[in-house]
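Let me begin by presenting the structure, written as structure tokens, before commenting on it.
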Amino acid sequence: MTRLPAARAETTEAFLMQSGPELAALCTECGACFNACPMVDYVDLRGADPKIVTSGLRRLASGEAAPEETVAWVGACTKSGQCVDACPQKAVGLDAMLLVRIAKQRAMNETRQLPATQDPSYFPRIKTFARLQLSDEELEKWL
């Protein structure tokens with residue numbers, strides 16, 4: 001029988017609160033992840049300063065507001081994983097793609113800088129949440 005690994009946190013919210021700042025602390029804001037990302041051209045950010053964008057990435061992952069460029073970049077993430085290989089901090093435990101995904105979630109949930117409808121999992125989540133019969137407060141928090 002296959003054993004599942006222990007949960008990283010009790011809830012998704014707890015995971016975001018804990019892991020976001022931990023991963024952000026490992027990031028040196030070098031911009032390697034931004035430069036390797038194929039979506040940078042898609043959202044017309046090739047001329048943006050990678051250090052400013054990745055500085056915003058760290059702030060978002062910690063639940064703080066970030067520059068427009070950072071929000072546009074994390075909102076366009078397609079999970080290509082090219083950022084992971086490009087990151088020089090990978091050796092010390094930084095998963096750049098996870099950092100971007102956490103930043104995206106926090107841009108939708110905490111800072112409200114990114115509309116939830118830009119999340120490709122938005123409509124499938126609505127169907128799932130409808131089955132769970134969550135309270136209005138819970139729905140507002142997660143949608």
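Residue names in the structure tokens use chain letters A, B, ... in the order shown, residue numbers from 1 in each chain, and ligand numbers from 1 in the order shown.
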
>> Which residues are near A:Cys77? Cut-off 9 Å, only C-alpha atoms, ignore same chain within fewer than 3 positions. Put them as a VMD selection string.
In response: chain A and resid 37 to 39 72 to 74 80 97 100 to 101 104

>> Residues of chain A classed as alpha helix (DSSP H) by DSSP on the backbone are to be reported as number ranges by chain.
In response: A: 12-26, 32-36, 39-42, 50-61, 68-75, 82-86, 96-109, 122-132, 136-142

>> List as a ChimeraX atom specification the protein and nucleic acid residues near A:Glu68, meaning an atom at most 10 Å away when only C-alpha atoms are counted, but skip any in the same chain fewer than 6 places from it.
In response: /A:53,56,113-114

Selection file, all heavy atoms, as a tab-separated table (two decimals), in the first residue's frame:
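Listing of result.tsv after writing:
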chain	number	residue	atom	x	y	z
A	53	VAL	N	10.51	43.21	-10.47
A	53	VAL	CA	9.43	42.22	-10.58
A	53	VAL	C	9.59	41.14	-9.53
A	53	VAL	O	8.62	40.76	-8.86
A	53	VAL	CB	9.36	41.62	-12.01
A	53	VAL	CG1	8.31	40.53	-12.08
A	53	VAL	CG2	9.05	42.71	-13.03
A	56	GLY	N	8.75	42.27	-6.09
A	56	GLY	CA	7.30	42.22	-5.91
A	56	GLY	C	6.80	40.81	-5.66
A	56	GLY	O	5.85	40.59	-4.91
A	113	GLN	N	-5.28	42.07	-5.88
A	113	GLN	CA	-4.73	42.74	-7.04
A	113	GLN	C	-5.00	41.98	-8.33
A	113	GLN	O	-4.85	42.53	-9.41
A	113	GLN	CB	-3.21	42.93	-6.87
A	113	GLN	CG	-2.84	43.94	-5.81
A	113	GLN	CD	-1.34	44.09	-5.73
A	113	GLN	OE1	-0.67	43.32	-5.06
A	113	GLN	NE2	-0.83	45.07	-6.44
A	114	LEU	N	-5.35	40.72	-8.20
A	114	LEU	CA	-5.59	39.87	-9.36
A	114	LEU	C	-7.00	39.31	-9.24
A	114	LEU	O	-7.33	38.65	-8.26
A	114	LEU	CB	-4.57	38.73	-9.38
A	114	LEU	CG	-4.48	37.87	-10.62
A	114	LEU	CD1	-4.08	38.70	-11.84
A	114	LEU	CD2	-3.47	36.77	-10.41

> Could you pull the residues within 9 Å of A:Ala66, counting only C-alpha atoms, minus those fewer than 6 positions along the same chain, as a PyMOL selection string?
Replying inline: chain A and resi 53+55-60+107+111+113

> In Å to one decimal, how far is atom CA of A:Ser19 from atom CA of A:Val71?
Replying inline: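 Atom CA of A:Ser19 lies 18.9 Å from atom CA of A:Val71.
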